[in-house]
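Working notes, structure below.
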Amino acid sequence: MPGKPPISACIITLNEAANIDLCLDSLTAFCDEIVVVDSGSSDGTRELAAAKGARVIEHAFAGFRTQKDFAVRAAKHDWILFLDADERVTPELRASILESQARGFGDAAGYRFARATEYFGAFLRHGNAYPDRVLRLFDRRCGGFLGDREIHEHVSVDGAVATLAGDLEHHAYRSLADQLSRLERYARMMAEHMRQSGKRAHLYKIALNPFWRFLRGYVLRAGFLDGWRGLIYAYVEANYVRQKFIKLWLLERGCKI
């Protein structure tokens with residue numbers, strides 16, 4: 001259709017055999033290309049992705065932002081839909097994307113939409129977890145994964161950003177142990193980035209910032225409405241903030257983390 005820009009879906013992977021099939025299934029019906037950039041999977045992720053019709057590229061991992069930027073630049077088309085392997089486009093979100101695509105994406109340089117995180121068998125709908133709007137559909141000619149921060153990277157564009165209806169499903173954690181190990185790694189990476197950026201970890205930040213994260217998510221943003229899942233999520237999230245500042249405090253004093 002004239003004026004209908006093609007979409008390249010991009011995903012980075014490492015040992016995502018448990019997730020990649022359903023992720024790709026949510027994309028194949030409407031994306032013109034799927035690019036999977038893999039950094040050395042040993043569980044068959046690359047083979048599963050190729051069997052689903054994705055173009056698989058092997059590329060050494062040098063950081064989340066760098067790897068995602070590589071995937072964006074490897075795509076054939078300028079309009080990029082970026083997903084993590086544990087995410088899935090819902091039918092409602094797909095319909096919103098197709099509606100905007102039919103208009104030639106003429107009203108924005110990028111689109112954000114809500115992300116719903118599945119947590120121990122149910123989707124969180126309150127607190128810091130939802131709506132968690134992410135900018136993942138964008139014109140790479142107007143931006144992308146910019147900056148030098150390799151952790152908690154995000155897309156920025158030079159132009160208008162619109163919001164689409166529908167959720168991006170996020171099946172983030174396989175277990176509590178998986179969540180805790182990931183957040184420990186993220187806390188270390190963030191502490192190292194903050195240290196390099198000249199930020200300081202004062203004692204009051206170690207004490208108060210985790211409390212504020214819990215208060216904001218569980219009370220002010222009504223995370224308590226998600227029941228026991230909301231409580232556990234809020235506690236674990238607050239502990240991540242505590243770890244981040246403790247690690248930064250230790251780095252400032254030359255200690256190993």
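Identifiers in this document derive from the order of the structure tokens: chains are assigned A, B, ..., residues are numbered from 1 separately in each chain, and ligands are numbered from 1 in order of occurrence.
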
Exercise for the section: Tell me, as a PyMOL selection string, which residues lie within 7 Å of Tyr218 (chain A), counting only C-alpha atoms; anything in the same chain fewer than 6 positions away does not count. Expected result: chain A and resi 127+224+231+234

Practice task
Find the residues near Asp21 (chain A): any atom within 8 Å, counting only C-alpha atoms, skip ones fewer than 5 places away on the same chain, and give them as a list in words.
Solution key: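 Counting only C-alpha atoms, the residues come to Leu48, Ala49 and Lys52 of chain A.
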
Practice task
Work out how far CA of Thr13 (chain A) is from CA of His126 (chain A), in Å to one decimal.
Solution key: 28.4 Å

Exercise for the section: Mind checking which residues fall within 8 Å of region 156-169 of chain A, counting only C-alpha atoms, ignoring those fewer than 6 positions away in the same chain, and posting them as a PyMOL selection string? Expected result: chain A and resi 87-94+96-97+107-118+135+138-139+142-146

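The list of residues with at least one atom within 12 Å of Ala222 (chain A), based on only C-alpha atoms and without residues fewer than 2 positions apart in the same chain, reads A:Leu124, A:Arg125, A:His126, A:Gly127, A:Asn128, A:Ala129, A:Tyr130, A:Phe214, A:Leu215, A:Arg216, A:Gly217, A:Tyr218, A:Val219, A:Leu220, A:Phe224, A:Leu225, A:Asp226, A:Gly227, A:Gly230, A:Leu231, A:Ala234.
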
Exercise for the section: With a distance cut-off of 10 Å and only C-alpha atoms, select the neighbouring residues of region 61-77 of chain A, excluding the residue or stretch itself and same-chain residues fewer than 2 positions from it, and output the selection as a PyMOL selection string. Expected result: chain A and resi 5-14+32-40+55+57-59+79-84+139-140+144-155+189

Restricting the output to C-alpha atoms, write the selected residues as a PDB file, in the first residue's frame.
ATOM      1  CA  PRO A   5       6.045   2.286   5.792  1.00  0.00           C
ATOM      2  CA  PRO A   6       7.446  -1.226   6.324  1.00  0.00           C
ATOM      3  CA  ILE A   7       8.406  -2.246   9.858  1.00  0.00           C
ATOM      4  CA  SER A   8      11.557  -4.033  10.989  1.00  0.00           C
ATOM      5  CA  ALA A   9      11.178  -5.811  14.322  1.00  0.00           C
ATOM      6  CA  CYS A  10      14.461  -6.080  16.247  1.00  0.00           C
ATOM      7  CA  ILE A  11      15.335  -8.336  19.192  1.00  0.00           C
ATOM      8  CA  ILE A  12      18.588  -9.068  21.018  1.00  0.00           C
ATOM      9  CA  THR A  13      19.011 -12.511  22.578  1.00  0.00           C
ATOM     10  CA  LEU A  14      21.170 -14.684  24.773  1.00  0.00           C
ATOM     11  CA  ASP A  32       7.971  -6.918   7.252  1.00  0.00           C
ATOM     12  CA  GLU A  33      11.244  -8.151   8.708  1.00  0.00           C
ATOM     13  CA  ILE A  34      12.450  -9.623  11.988  1.00  0.00           C
ATOM     14  CA  VAL A  35      16.093  -9.184  12.990  1.00  0.00           C
ATOM     15  CA  VAL A  36      17.477 -11.236  15.886  1.00  0.00           C
ATOM     16  CA  VAL A  37      20.951 -10.281  17.119  1.00  0.00           C
ATOM     17  CA  ASP A  38      22.323 -13.092  19.262  1.00  0.00           C
ATOM     18  CA  SER A  39      25.394 -12.853  21.494  1.00  0.00           C
ATOM     19  CA  GLY A  40      26.370 -16.511  21.800  1.00  0.00           C
ATOM     20  CA  ARG A  55      17.204 -12.980  10.062  1.00  0.00           C
ATOM     21  CA  ILE A  57      22.973 -12.174  13.208  1.00  0.00           C
ATOM     22  CA  GLU A  58      25.662 -13.232  15.658  1.00  0.00           C
ATOM     23  CA  HIS A  59      27.357 -10.308  17.374  1.00  0.00           C
ATOM     24  CA  TRP A  79      10.613   2.132  11.144  1.00  0.00           C
ATOM     25  CA  ILE A  80      11.767  -0.054  14.025  1.00  0.00           C
ATOM     26  CA  LEU A  81       9.710  -2.024  16.536  1.00  0.00           C
ATOM     27  CA  PHE A  82      12.083  -3.129  19.298  1.00  0.00           C
ATOM     28  CA  LEU A  83      11.182  -5.958  21.667  1.00  0.00           C
ATOM     29  CA  ASP A  84      13.031  -7.953  24.276  1.00  0.00           C
ATOM     30  CA  ASP A 139      11.760   6.118  12.996  1.00  0.00           C
ATOM     31  CA  ARG A 140      15.494   5.469  13.278  1.00  0.00           C
ATOM     32  CA  GLY A 144      17.286   5.472  18.622  1.00  0.00           C
ATOM     33  CA  PHE A 145      19.256   4.076  21.540  1.00  0.00           C
ATOM     34  CA  LEU A 146      21.438   7.120  22.155  1.00  0.00           C
ATOM     35  CA  GLY A 147      23.849   8.147  24.893  1.00  0.00           C
ATOM     36  CA  ASP A 148      26.510   6.151  26.720  1.00  0.00           C
ATOM     37  CA  ARG A 149      24.525   4.358  29.438  1.00  0.00           C
ATOM     38  CA  GLU A 150      24.516   0.623  28.757  1.00  0.00           C
ATOM     39  CA  ILE A 151      21.962  -0.297  31.429  1.00  0.00           C
ATOM     40  CA  HIS A 152      18.311   0.838  31.594  1.00  0.00           C
ATOM     41  CA  GLU A 153      18.804   2.130  28.075  1.00  0.00           C
ATOM     42  CA  HIS A 154      15.878   3.731  26.279  1.00  0.00           C
ATOM     43  CA  VAL A 155      14.919   5.181  22.908  1.00  0.00           C
ATOM     44  CA  MET A 189      26.103  -2.028  36.210  1.00  0.00           C
TER      45      MET A 189
END
